[in-house]
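**Student:** Data file final_20.txt (compact mmCIF, C-alpha atoms and all ligand atoms) is appended below.
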# COMPACT_ATOMS: atom_id res chain seq x y z
CA MET A 1398 -3.42 -72.21 77.76
CA MET A 1399 -0.82 -70.33 79.82
CA LEU A 1400 -1.38 -70.72 83.53
CA ASN A 1401 -1.47 -67.51 85.50
CA MET A 1402 1.17 -68.40 88.11
CA SER A 1403 0.18 -65.53 90.34
CA LEU A 1404 -3.14 -67.25 90.98
CA THR A 1405 -1.83 -70.77 91.42
CA THR A 1406 1.60 -70.46 93.08
CA PRO A 1407 1.54 -70.37 96.88
CA PHE A 1408 2.55 -67.01 98.34
CA ALA A 1409 2.85 -66.42 102.08
CA VAL A 1410 3.06 -63.40 104.35
CA TYR A 1411 4.96 -63.69 107.64
CA VAL A 1412 4.26 -61.01 110.26
CA HIS A 1413 6.65 -60.84 113.22
CA TRP A 1414 5.42 -59.46 116.57
CA PRO A 1415 8.61 -59.13 118.64
CA PHE A 1416 7.30 -58.73 122.19
CA CYS A 1417 6.90 -61.20 125.07
CA LEU A 1418 5.84 -60.94 128.71
CA SER A 1419 9.18 -62.40 129.78
CA LYS A 1420 12.20 -63.84 128.03
CA CYS A 1421 12.59 -67.62 128.26
CA PRO A 1422 16.20 -68.60 129.06
CA TYR A 1423 16.54 -70.99 126.09
CA CYS A 1424 15.09 -68.70 123.43
CA ASP A 1425 17.10 -66.76 120.84
CA PHE A 1426 14.14 -65.60 118.77
CA ASN A 1427 13.83 -61.88 118.11
CA SER A 1428 11.69 -61.28 121.17
CA HIS A 1429 11.84 -58.46 123.69
CA VAL A 1430 10.21 -57.48 126.98
CA ARG A 1431 8.96 -53.90 127.29
CA HIS A 1432 7.94 -53.12 130.85
CA ASN A 1433 6.67 -49.68 129.87
CA GLY A 1434 4.29 -51.08 127.29
CA VAL A 1435 4.25 -50.92 123.52
CA ASP A 1436 2.65 -48.26 121.33
CA GLU A 1437 0.64 -50.88 119.50
CA ALA A 1438 -1.27 -48.47 117.24
CA ARG A 1439 2.00 -46.95 116.02
CA PHE A 1440 3.46 -50.39 115.31
CA VAL A 1441 0.33 -51.43 113.45
CA ARG A 1442 0.59 -48.36 111.20
CA ALA A 1443 4.19 -49.30 110.47
CA TYR A 1444 3.18 -52.89 109.59
CA ALA A 1445 0.65 -51.49 107.12
CA THR A 1446 3.34 -49.26 105.61
CA GLU A 1447 5.75 -52.16 105.21
CA ILE A 1448 3.02 -54.35 103.69
CA ALA A 1449 2.36 -51.64 101.09
CA ALA A 1450 6.08 -51.48 100.27
CA ALA A 1451 6.34 -55.26 99.87
CA ALA A 1452 3.23 -55.34 97.66
CA ASP A 1453 4.78 -52.69 95.42
CA ARG A 1454 7.66 -55.08 94.76
CA VAL A 1455 5.57 -58.23 94.18
CA PRO A 1456 2.16 -57.01 93.05
CA GLY A 1457 -0.63 -59.23 91.81
CA ARG A 1458 0.11 -62.25 94.01
CA THR A 1459 -2.55 -64.32 95.72
CA VAL A 1460 -1.86 -64.80 99.43
CA SER A 1461 -2.33 -68.45 100.37
CA SER A 1462 -1.17 -68.20 103.98
CA ILE A 1463 -0.45 -65.62 106.66
CA PHE A 1464 1.47 -66.38 109.85
CA PHE A 1465 1.68 -64.13 112.91
CA GLY A 1466 4.85 -65.32 114.65
CA GLY A 1467 6.96 -64.00 117.45
CA GLY A 1468 7.64 -63.15 120.11
CA THR A 1469 4.11 -63.53 121.34
CA PRO A 1470 1.52 -62.33 118.82
CA SER A 1471 -1.28 -63.42 121.17
CA LEU A 1472 -0.37 -60.33 123.22
CA MET A 1473 -1.70 -58.18 120.38
CA GLN A 1474 -5.19 -56.75 120.49
CA PRO A 1475 -7.53 -58.57 118.09
CA ALA A 1476 -8.20 -55.16 116.46
CA SER A 1477 -4.48 -54.87 115.63
CA VAL A 1478 -4.49 -58.32 114.00
CA ALA A 1479 -7.62 -57.28 112.04
CA ALA A 1480 -5.94 -54.05 110.88
CA ILE A 1481 -2.87 -55.94 109.63
CA LEU A 1482 -5.07 -58.45 107.80
CA ASP A 1483 -6.99 -55.54 106.23
CA ALA A 1484 -3.71 -54.04 105.02
CA ILE A 1485 -2.73 -57.37 103.43
CA ALA A 1486 -6.13 -57.67 101.73
CA LYS A 1487 -5.88 -54.09 100.46
CA HIS A 1488 -2.68 -54.82 98.54
CA TRP A 1489 -2.92 -58.44 97.44
CA ARG A 1490 -5.67 -60.82 96.54
CA VAL A 1491 -6.30 -63.20 99.45
CA ALA A 1492 -7.24 -66.79 98.55
CA PRO A 1493 -10.72 -67.78 99.76
CA ASP A 1494 -9.22 -70.74 101.64
CA VAL A 1495 -6.30 -68.74 103.10
CA GLU A 1496 -4.67 -70.25 106.20
CA ILE A 1497 -4.15 -67.60 108.89
CA THR A 1498 -2.13 -68.79 111.89
CA LEU A 1499 -1.35 -66.93 115.09
CA GLU A 1500 1.26 -68.10 117.60
CA ALA A 1501 0.06 -67.97 121.17
CA ASN A 1502 1.69 -68.37 124.55
CA PRO A 1503 -0.63 -70.14 127.05
CA THR A 1504 0.02 -67.28 129.48
CA SER A 1505 -1.84 -64.85 127.24
CA VAL A 1506 -4.74 -67.07 126.17
CA GLU A 1507 -8.17 -65.89 127.23
CA ALA A 1508 -11.39 -67.08 125.64
CA ALA A 1509 -12.58 -63.55 124.81
CA ARG A 1510 -9.32 -62.63 123.12
CA PHE A 1511 -9.37 -65.85 121.09
CA ARG A 1512 -12.91 -65.11 119.95
CA GLY A 1513 -11.60 -61.71 118.86
CA PHE A 1514 -8.78 -63.29 116.85
CA ARG A 1515 -11.27 -65.60 115.21
CA ALA A 1516 -13.54 -62.67 114.32
CA ALA A 1517 -10.51 -60.89 112.86
CA GLY A 1518 -9.98 -63.80 110.46
CA VAL A 1519 -7.44 -66.03 112.21
CA ASN A 1520 -8.35 -69.67 111.52
CA ARG A 1521 -5.47 -71.58 113.11
CA VAL A 1522 -3.46 -71.16 116.32
CA SER A 1523 -0.14 -72.57 117.37
CA LEU A 1524 0.37 -72.74 121.13
CA GLY A 1525 3.71 -72.85 122.94
CA VAL A 1526 2.88 -75.61 125.42
CA GLN A 1527 6.55 -76.79 125.63
CA SER A 1528 5.98 -79.45 128.30
CA LEU A 1529 3.31 -81.11 130.42
CA ASP A 1530 5.66 -81.42 133.39
CA ASP A 1531 5.44 -78.54 135.87
CA ALA A 1532 9.05 -78.88 137.05
CA ALA A 1533 10.28 -78.82 133.44
CA LEU A 1534 8.13 -75.78 132.66
CA LYS A 1535 9.66 -74.00 135.63
CA GLU A 1536 13.15 -74.89 134.50
CA LEU A 1537 12.30 -73.61 131.01
CA GLY A 1538 11.32 -70.31 132.62
CA ARG A 1539 7.71 -70.61 131.52
CA LEU A 1540 5.07 -68.60 133.35
CA HIS A 1541 2.33 -71.24 132.97
CA SER A 1542 1.65 -74.65 134.49
CA ALA A 1543 0.86 -77.82 132.53
CA GLN A 1544 -2.82 -77.47 133.47
CA GLU A 1545 -2.89 -73.85 132.28
CA ALA A 1546 -1.35 -74.98 128.99
CA LEU A 1547 -4.02 -77.67 128.60
CA ASP A 1548 -6.74 -75.12 129.44
CA ALA A 1549 -5.32 -72.95 126.65
CA VAL A 1550 -5.42 -75.93 124.28
CA ALA A 1551 -9.10 -76.43 125.18
CA ILE A 1552 -9.83 -72.76 124.40
CA ALA A 1553 -7.98 -73.13 121.10
CA ARG A 1554 -10.00 -76.23 120.25
CA ALA A 1555 -13.28 -74.47 121.10
CA ASN A 1556 -12.49 -71.51 118.86
CA PHE A 1557 -10.52 -72.86 115.92
CA GLU A 1558 -10.96 -75.80 113.63
CA ARG A 1559 -7.23 -76.16 113.35
CA TYR A 1560 -4.68 -75.81 116.12
CA SER A 1561 -1.19 -77.00 116.85
CA PHE A 1562 1.08 -76.91 119.84
CA ASP A 1563 4.82 -76.97 120.41
CA LEU A 1564 6.68 -79.28 122.74
CA ILE A 1565 10.37 -79.19 123.62
CA TYR A 1566 12.05 -82.51 124.37
CA ALA A 1567 15.58 -83.84 124.95
CA ARG A 1568 15.48 -81.74 128.11
CA PRO A 1569 17.69 -82.13 131.18
CA ARG A 1570 17.13 -85.42 133.05
CA GLN A 1571 14.53 -86.61 130.57
CA SER A 1572 14.28 -90.38 130.27
CA LEU A 1573 12.70 -92.40 127.48
CA GLU A 1574 9.94 -93.53 129.84
CA SER A 1575 9.05 -90.07 131.12
CA TRP A 1576 9.02 -88.59 127.60
CA ALA A 1577 6.86 -91.44 126.29
CA ALA A 1578 4.30 -90.80 129.05
CA GLU A 1579 4.36 -87.02 128.50
CA LEU A 1580 4.05 -87.36 124.73
CA ARG A 1581 1.14 -89.81 124.98
CA ARG A 1582 -0.64 -87.41 127.31
CA ALA A 1583 0.00 -84.55 124.88
CA LEU A 1584 -1.29 -86.60 121.95
CA ALA A 1585 -4.60 -87.05 123.75
CA HIS A 1586 -5.06 -83.27 123.41
CA ALA A 1587 -3.66 -82.89 119.89
CA GLY A 1588 -5.56 -81.47 116.94
CA ASP A 1589 -4.31 -81.93 113.39
CA HIS A 1590 -0.73 -80.77 114.02
CA LEU A 1591 2.11 -80.96 116.57
CA SER A 1592 5.60 -79.45 116.52
CA MET A 1593 8.29 -81.14 118.59
CA TYR A 1594 11.69 -79.55 118.93
CA GLN A 1595 14.74 -81.00 120.60
CA LEU A 1596 16.08 -78.49 123.11
CA THR A 1597 18.85 -76.54 121.40
CA ILE A 1598 21.40 -74.67 123.45
CA GLU A 1599 21.57 -71.36 121.60
CA PRO A 1600 24.56 -69.03 121.95
CA ASP A 1601 23.98 -65.85 123.96
CA THR A 1602 21.12 -67.30 125.99
CA PRO A 1603 21.16 -67.93 129.76
CA PHE A 1604 20.96 -71.67 129.00
CA PHE A 1605 24.20 -71.40 127.04
CA GLY A 1606 26.06 -70.08 130.08
CA LEU A 1607 24.52 -72.70 132.39
CA HIS A 1608 25.36 -75.47 129.93
CA LYS A 1609 28.93 -74.29 129.58
CA ALA A 1610 29.31 -74.19 133.36
CA GLY A 1611 28.02 -77.78 133.60
CA LYS A 1612 24.90 -76.68 135.46
CA LEU A 1613 22.53 -77.70 132.71
CA VAL A 1614 23.10 -81.13 131.25
CA VAL A 1615 21.18 -82.19 128.16
CA PRO A 1616 20.85 -85.77 126.87
CA ASN A 1617 23.90 -87.03 125.00
CA GLU A 1618 23.75 -87.79 121.28
CA ASP A 1619 22.72 -91.43 121.75
CA LEU A 1620 19.88 -90.64 124.13
CA ALA A 1621 18.77 -87.72 121.95
CA ARG A 1622 18.65 -90.08 118.99
CA ASP A 1623 16.62 -92.63 120.98
CA LEU A 1624 14.24 -89.88 122.08
CA TYR A 1625 13.84 -88.85 118.45
CA ASP A 1626 13.14 -92.42 117.32
CA LEU A 1627 10.66 -92.93 120.15
CA THR A 1628 8.89 -89.70 119.17
CA GLN A 1629 8.52 -90.93 115.58
CA ALA A 1630 7.20 -94.33 116.63
CA ILE A 1631 4.62 -92.95 119.08
CA CYS A 1632 3.41 -90.25 116.69
CA VAL A 1633 3.08 -92.61 113.72
CA LYS A 1634 0.96 -94.90 115.88
CA ALA A 1635 -1.20 -91.94 116.93
CA GLY A 1636 -1.81 -90.97 113.28
CA LEU A 1637 0.47 -87.90 113.28
CA PRO A 1638 3.56 -88.90 111.31
CA ALA A 1639 6.35 -86.38 110.71
CA TYR A 1640 5.97 -84.48 107.45
CA GLU A 1641 9.04 -82.43 108.36
CA ILE A 1642 11.91 -83.13 110.72
CA SER A 1643 10.16 -81.52 113.74
CA ASN A 1644 6.59 -81.24 112.52
CA HIS A 1645 3.85 -83.83 112.66
CA ALA A 1646 0.36 -83.77 111.19
CA ARG A 1647 -2.63 -85.88 110.42
CA PRO A 1648 -2.92 -86.20 106.64
CA GLY A 1649 -4.17 -82.83 105.36
CA GLY A 1650 -3.30 -81.06 108.63
CA GLU A 1651 0.15 -79.91 107.49
CA CYS A 1652 0.89 -76.23 108.09
CA ARG A 1653 0.54 -74.72 104.63
CA HIS A 1654 2.52 -71.68 105.63
CA ASN A 1655 5.60 -73.65 106.64
CA LEU A 1656 5.29 -75.75 103.48
CA VAL A 1657 5.80 -72.51 101.52
CA TYR A 1658 9.24 -72.14 103.14
CA TRP A 1659 10.22 -75.77 102.75
CA ARG A 1660 8.99 -76.10 99.17
CA GLY A 1661 10.91 -73.00 98.13
CA HIS A 1662 8.00 -70.70 97.32
CA ASP A 1663 7.85 -66.94 97.93
CA TYR A 1664 7.04 -65.21 101.19
CA ALA A 1665 7.07 -61.60 102.31
CA GLY A 1666 8.59 -60.94 105.75
CA ILE A 1667 6.91 -58.07 107.61
CA GLY A 1668 7.92 -56.60 110.98
CA PRO A 1669 11.17 -56.42 112.98
CA GLY A 1670 13.76 -59.05 112.05
CA ALA A 1671 11.50 -60.78 109.49
CA HIS A 1672 13.08 -62.66 106.59
CA GLY A 1673 11.52 -62.92 103.14
CA ARG A 1674 12.11 -64.58 99.78
CA LEU A 1675 10.62 -62.90 96.72
CA THR A 1676 10.93 -63.71 93.05
CA ILE A 1677 11.45 -60.43 91.21
CA ASP A 1678 12.18 -60.35 87.46
CA GLY A 1679 12.83 -64.09 87.55
CA ARG A 1680 15.48 -63.82 90.29
CA ARG A 1681 15.05 -64.91 93.89
CA VAL A 1682 15.66 -62.07 96.31
CA ALA A 1683 16.48 -62.52 100.02
CA THR A 1684 15.16 -59.81 102.33
CA GLU A 1685 15.65 -59.11 106.01
CA THR A 1686 14.46 -56.25 108.17
CA GLU A 1687 16.03 -54.41 111.11
CA LYS A 1688 15.75 -56.55 114.24
CA ARG A 1689 15.42 -54.03 117.05
CA PRO A 1690 11.73 -53.14 117.28
CA GLU A 1691 12.10 -49.42 117.91
CA SER A 1692 14.83 -49.01 115.26
CA TRP A 1693 12.65 -50.93 112.80
CA LEU A 1694 9.74 -48.62 113.63
CA MET A 1695 11.79 -45.50 112.99
CA ARG A 1696 13.16 -46.90 109.73
CA VAL A 1697 9.70 -47.73 108.46
CA GLU A 1698 8.40 -44.31 109.43
CA ALA A 1699 11.32 -42.62 107.70
CA ALA A 1700 11.83 -44.83 104.66
CA GLY A 1701 8.64 -46.87 104.16
CA SER A 1702 10.25 -50.20 105.05
CA GLY A 1703 12.61 -51.70 107.61
CA LEU A 1704 14.71 -53.57 105.04
CA ILE A 1705 18.40 -53.92 105.85
CA VAL A 1706 19.13 -56.88 103.53
CA ASP A 1707 17.83 -56.97 99.96
CA GLU A 1708 20.01 -59.30 97.93
CA LYS A 1709 19.63 -61.16 94.68
CA LEU A 1710 20.62 -64.80 95.22
CA THR A 1711 22.76 -66.60 92.66
CA ALA A 1712 21.40 -69.73 90.98
CA GLY A 1713 23.76 -71.81 93.18
CA GLU A 1714 22.59 -70.14 96.39
CA THR A 1715 18.95 -70.61 95.41
CA ALA A 1716 19.55 -74.28 94.64
CA ASP A 1717 21.46 -74.95 97.89
CA GLU A 1718 18.70 -73.30 99.87
CA PHE A 1719 16.12 -75.41 98.04
CA LEU A 1720 18.02 -78.57 99.09
CA LEU A 1721 18.43 -77.40 102.66
CA MET A 1722 14.73 -76.63 103.04
CA GLY A 1723 13.23 -79.33 100.82
CA LEU A 1724 15.13 -82.26 102.29
CA ARG A 1725 13.62 -81.48 105.69
CA LEU A 1726 10.32 -82.68 104.28
CA ALA A 1727 9.27 -86.33 104.33
CA GLU A 1728 8.09 -85.85 100.73
CA GLY A 1729 11.62 -84.74 99.74
CA ILE A 1730 12.46 -82.76 96.60
CA GLU A 1731 11.95 -82.95 92.89
CA PRO A 1732 15.41 -83.23 91.25
CA ALA A 1733 14.09 -81.49 88.11
CA ARG A 1734 13.22 -78.40 90.15
CA TYR A 1735 16.75 -78.37 91.57
CA THR A 1736 18.09 -78.41 88.03
CA ALA A 1737 15.72 -75.67 86.90
CA LEU A 1738 16.89 -73.47 89.80
CA SER A 1739 20.63 -74.07 89.52
CA GLY A 1740 21.35 -75.32 86.01
CA ARG A 1741 23.16 -78.26 87.68
CA THR A 1742 22.16 -81.83 88.27
CA LEU A 1743 22.54 -83.67 91.56
CA ASP A 1744 25.60 -85.92 91.48
CA PRO A 1745 24.33 -89.50 90.89
CA LYS A 1746 27.47 -90.99 92.53
CA ARG A 1747 26.89 -89.10 95.76
CA ILE A 1748 23.22 -90.06 95.74
CA ALA A 1749 24.21 -93.72 95.23
CA ILE A 1750 26.58 -93.62 98.23
CA LEU A 1751 23.99 -91.96 100.46
CA ARG A 1752 21.40 -94.48 99.27
CA GLU A 1753 23.71 -97.38 100.14
CA GLU A 1754 24.20 -95.85 103.59
CA GLY A 1755 20.41 -95.80 103.96
CA ALA A 1756 20.28 -92.01 104.36
CA VAL A 1757 18.27 -91.19 101.21
CA GLU A 1758 15.86 -92.91 98.86
CA THR A 1759 14.22 -92.21 95.53
CA THR A 1760 10.45 -92.55 95.40
CA THR A 1761 8.59 -94.24 92.56
CA ASP A 1762 7.68 -90.81 91.15
CA GLY A 1763 11.35 -89.79 91.10
CA ARG A 1764 11.52 -87.58 94.18
CA LEU A 1765 14.62 -87.68 96.36
CA ARG A 1766 13.99 -87.88 100.07
CA VAL A 1767 15.82 -88.42 103.32
CA THR A 1768 14.92 -91.65 105.15
CA LEU A 1769 13.84 -91.84 108.78
CA SER A 1770 17.34 -92.94 109.73
CA GLY A 1771 18.84 -90.15 107.60
CA PHE A 1772 16.91 -87.36 109.36
CA PRO A 1773 19.11 -87.20 112.46
CA ILE A 1774 22.12 -86.59 110.15
CA LEU A 1775 20.26 -84.29 107.78
CA ASP A 1776 22.87 -81.52 107.87
CA ALA A 1777 25.59 -83.92 106.72
CA VAL A 1778 23.37 -85.29 103.94
CA VAL A 1779 22.61 -81.79 102.64
CA ALA A 1780 26.27 -80.76 102.84
CA ASP A 1781 27.20 -83.85 100.83
CA LEU A 1782 24.70 -83.16 98.09
CA ALA A 1783 25.22 -79.40 97.95
CA ALA A 1784 29.01 -79.46 97.84
C1 LIG B 1801 8.54 -68.15 118.70
S1 LIG B 1801 8.28 -69.46 119.77
C2 LIG B 1801 6.53 -69.56 119.94
C3 LIG B 1801 5.46 -69.18 120.70
C4 LIG B 1801 5.38 -68.41 121.97
N1 LIG B 1801 6.29 -67.32 121.98
C5 LIG B 1801 5.66 -69.32 123.12
O1 LIG B 1801 6.80 -69.43 123.52
O2 LIG B 1801 4.69 -69.91 123.63
C6 LIG B 1801 8.43 -70.86 118.75
C7 LIG B 1801 8.78 -72.16 119.37
O3 LIG B 1801 10.14 -72.43 119.22
C8 LIG B 1801 10.53 -73.40 120.17
N2 LIG B 1801 11.86 -73.02 120.68
C9 LIG B 1801 12.32 -71.79 120.95
N3 LIG B 1801 13.60 -71.85 121.39
C10 LIG B 1801 13.96 -73.16 121.39
C11 LIG B 1801 15.16 -73.89 121.73
N4 LIG B 1801 16.24 -73.26 122.16
N5 LIG B 1801 15.17 -75.24 121.57
C12 LIG B 1801 14.06 -75.88 121.13
N6 LIG B 1801 12.91 -75.25 120.80
C13 LIG B 1801 12.86 -73.91 120.92
C14 LIG B 1801 9.48 -73.42 121.25
O4 LIG B 1801 8.82 -74.65 121.21
C15 LIG B 1801 8.56 -72.29 120.84
O5 LIG B 1801 7.22 -72.58 121.11
S1 LIG B 1802 9.91 -68.98 123.74
FE1 LIG B 1802 8.21 -67.70 123.12
S2 LIG B 1802 7.59 -66.61 125.02
FE2 LIG B 1802 9.62 -67.42 125.39
S3 LIG B 1802 10.96 -65.69 124.86
FE3 LIG B 1802 10.82 -67.05 123.04
S4 LIG B 1802 9.23 -66.16 121.83
FE4 LIG B 1802 9.01 -65.29 123.90
Go ahead and express the file in the form of structure tokens.
Ligand SMILES: C[S@@+](CC[C@H](N)C(=O)[O-])C[C@H]1O[C@@H](n2cnc3c(N)ncnc32)[C@H](O)[C@@H]1O
Ligand code: SF4
**Tutor:**
Amino acid sequence: MMLNMSLTTPFAVYVHWPFCLSKCPYCDFNSHVRHNGVDEARFVRAYATEIAAAADRVPGRTVSSIFFGGGTPSLMQPASVAAILDAIAKHWRVAPDVEITLEANPTSVEAARFRGFRAAGVNRVSLGVQSLDDAALKELGRLHSAQEALDAVAIARANFERYSFDLIYARPRQSLESWAAELRRALAHAGDHLSMYQLTIEPDTPFFGLHKAGKLVVPNEDLARDLYDLTQAICVKAGLPAYEISNHARPGGECRHNLVYWRGHDYAGIGPGAHGRLTIDGRRVATETEKRPESWLMRVEAAGSGLIVDEKLTAGETADEFLLMGLRLAEGIEPARYTALSGRTLDPKRIAILREEGAVETTTDGRLRVTLSGFPILDAVVADLAA
């Protein structure tokens, strides 16, 4: 019997809400502050319009996950989230066990609002805790204290079966001892998932200027590597091993939405600056929408979608992307899928060299994966295999 792929293949919808209460000095996400408020109803209508346009291109799919990312989607009214979810359900079939995540900043977490998100259909939240050290939070430009972040975690736990929170480490002046203590404290409040990102100095952010001027010093490569190793060891012991380079989960607690990206499945990107990957007529198509919120809004109102990039990828591009995403996962990739996507095979000589160096390994079921010691040099490993 032929399997109906539309019912079995994961398909995700990413919805980008691009507004924040204030801009954090390290952040280069597409996020904006609007002191005069946002015409939320008008934006929500535009989201529904763009959802309809995306569904026209990939009809008949079953949505397995939805992710409200930002910016700060927890600033939205629960009714707006409900309206966007209704629009998705109007155009696609939604799986009965769909995962619906909403990113929340502790500053905008109130119990009543969270109950509203839950009633709207959200079943998982991801909180931007960032640190449990008040001085570090201040330096990161956060508007909440460690206690307020933990209060938000408690509200998340009371309202949602599944929640995650983000921490940023490899921060200025951070020692192995202080990070170990902070991480252990965080783990005591963890649900089924934790994301831990090393602080990245992004171009065109205030942190970039400070770093360049020598006023913000981040751990050197050796210390960053030790911090990474320590993170792995503590999290494994706590039952939350890494399933991706920066993401940890208890078994079964992995974020299904992010797995769609890393396993190379399709996702529709809705809202300002959202990226998507859609398979249309057997070809993978990369999409991207206008970044500036008000320009996006006007484009959608005029043309039905905010798309500014809509490109068919070549087999080689699709395969390289599959490597780049798939090798971030602890489970690694299936070489046969790489071949199906690109028509090429991975070079056995290069794999042998990387294996000898201890950077990759082949599992008993034939998957290729990066080892724990290979993860810190992941970019080099991917470049080696893709070239
Ligand atoms: C879009 S933000 C999420 C949520 C929400 N806006 C907040 O800040 O609470 C996603 C996450 O990316 C991480 N992040 C953003 N910029 C980063 C940087 N320069 N280095 C490391 N992590 C970063 C933060 O942990 C942040 O929570
Ligand atoms: S880290 Fe979060 S709250 Fe801060 S500017 Fe970026 S998206 Fe907004």
**Student:** Quick one: everything within 8 Å of region 1575-1577 of chain A, counting only C-alpha atoms, minus sequence neighbours fewer than 3 positions away in the same chain. Send it as a list in words.
**Tutor:**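 Residues meeting the cut-off are Tyr1566, Gln1571, Ser1572, Leu1580, Arg1581, Leu1624, Leu1627, Thr1628 and Ile1631 of chain A.
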**Student:** Would you mind exporting C-alpha atoms of the selected residues as a tab-separated table (two decimals), keeping the file's coordinate frame?
**Tutor:**
chain	number	residue	atom	x	y	z
A	1566	TYR	CA	12.05	-82.51	124.37
A	1571	GLN	CA	14.53	-86.61	130.57
A	1572	SER	CA	14.28	-90.38	130.27
A	1580	LEU	CA	4.05	-87.36	124.73
A	1581	ARG	CA	1.14	-89.81	124.98
A	1624	LEU	CA	14.24	-89.88	122.08
A	1627	LEU	CA	10.66	-92.93	120.15
A	1628	THR	CA	8.89	-89.70	119.17
A	1631	ILE	CA	4.62	-92.95	119.08
**Student:** Let me have all residues with an atom within 8 Å of ligand LIG 1801 (chain B), counting all atoms listed in the file, laid out as a PyMOL selection string.
**Tutor:** chain A and resi 1417+1421+1423-1426+1428+1466-1470+1500-1504+1523-1527+1562-1566+1592-1599
**Student:** Just give me the gap between CA of Asp1453 (chain A) and CA of Phe1465 (chain A) in Å, one decimal is fine.
**Tutor:**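 Separation between CA of Asp1453 (chain A) and CA of Phe1465 (chain A): 21.1 Å.
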**Student:** Which one is closest to ligand LIG 1802 (chain B): A:Gly1434, A:Gly1755, A:Gly1661, A:Gly1538? Count all atoms listed in the file.
**Tutor:** A:Gly1538
**Student:** One number please: CA of Phe1511 (chain A) to CA of Ala1553 (chain A), in Å, one decimal.
**Tutor:**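 CA of Phe1511 (chain A) sits 7.4 Å away from CA of Ala1553 (chain A).
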**Student:** Can you pull out the residues contacting Arg1622 (chain A)? Cut-off 12 Å, using only C-alpha atoms, and skip same-chain residues under 6 positions away; I want them as a list of chain:residue names.
**Tutor:**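 Neighbouring residues, sequence-local ones excluded: A:Tyr1566, A:Ala1567, A:Leu1573, A:Gln1595, A:Pro1616, A:Thr1628, A:Gln1629, A:Leu1769, A:Ser1770, A:Gly1771, A:Phe1772, A:Pro1773, A:Ile1774.
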**Student:** Could you write out the selected residues, including C-alpha atoms, as a short mmCIF file (atom, residue, chain, number, x, y, z; two decimals), in the coordinates of the input?
**Tutor:**
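Output (part28.cif):
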data_model
loop_
_atom_site.label_atom_id
_atom_site.label_comp_id
_atom_site.auth_asym_id
_atom_site.auth_seq_id
_atom_site.Cartn_x
_atom_site.Cartn_y
_atom_site.Cartn_z
CA TYR A 1566 12.05 -82.51 124.37
CA ALA A 1567 15.58 -83.84 124.95
CA LEU A 1573 12.70 -92.40 127.48
CA GLN A 1595 14.74 -81.00 120.60
CA PRO A 1616 20.85 -85.77 126.87
CA THR A 1628 8.89 -89.70 119.17
CA GLN A 1629 8.52 -90.93 115.58
CA LEU A 1769 13.84 -91.84 108.78
CA SER A 1770 17.34 -92.94 109.73
CA GLY A 1771 18.84 -90.15 107.60
CA PHE A 1772 16.91 -87.36 109.36
CA PRO A 1773 19.11 -87.20 112.46
CA ILE A 1774 22.12 -86.59 110.15
#
**Student:** Would you list the residues near (26.8, -84.2, 101.0), meaning any protein, DNA or RNA residue with an atom at most 10 Å from that point in file coordinates, counting all atoms listed in the file, as a list in words?
**Tutor:** Asp1744, Arg1747, Ile1748, Ile1750, Leu1751, Leu1775, Asp1776, Ala1777, Val1778, Val1779, Ala1780, Asp1781, Leu1782, Ala1783 and Ala1784 of chain A
**Student:** Taking only C-alpha atoms and all ligand atoms into account, which of A:Arg1741, A:Arg1568, A:Arg1521, A:Arg1539 comes nearest ligand LIG 1802 (chain B)?
**Tutor:**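 Among the listed residues, A:Arg1539 lies closest to ligand LIG 1802 (chain B).
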**Student:** I'd like the neighbourhood of Val1478 (chain A) as a PyMOL selection string, where a residue qualifies if any of its atoms comes within 10 Å (using only C-alpha atoms), though same-chain residues fewer than 3 positions away should be ignored.
**Tutor:** chain A and resi 1412+1441+1465+1470-1471+1473-1475+1481-1484+1499+1513-1514+1517-1519
**Student:** Grab the CA of Asn1427 (chain A) to CA of Gly1611 (chain A) distance for me, in Å with one decimal place.
**Tutor:**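 For CA of Asn1427 (chain A) relative to CA of Gly1611 (chain A), the distance reads 26.3 Å.
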**Student:** Nearest to Gly1679 (chain A) among A:Val1455, A:Ile1497, A:Leu1529, A:Ala1621, with distances taken over all atoms listed in the file: which residue is it?
**Tutor:** A:Val1455
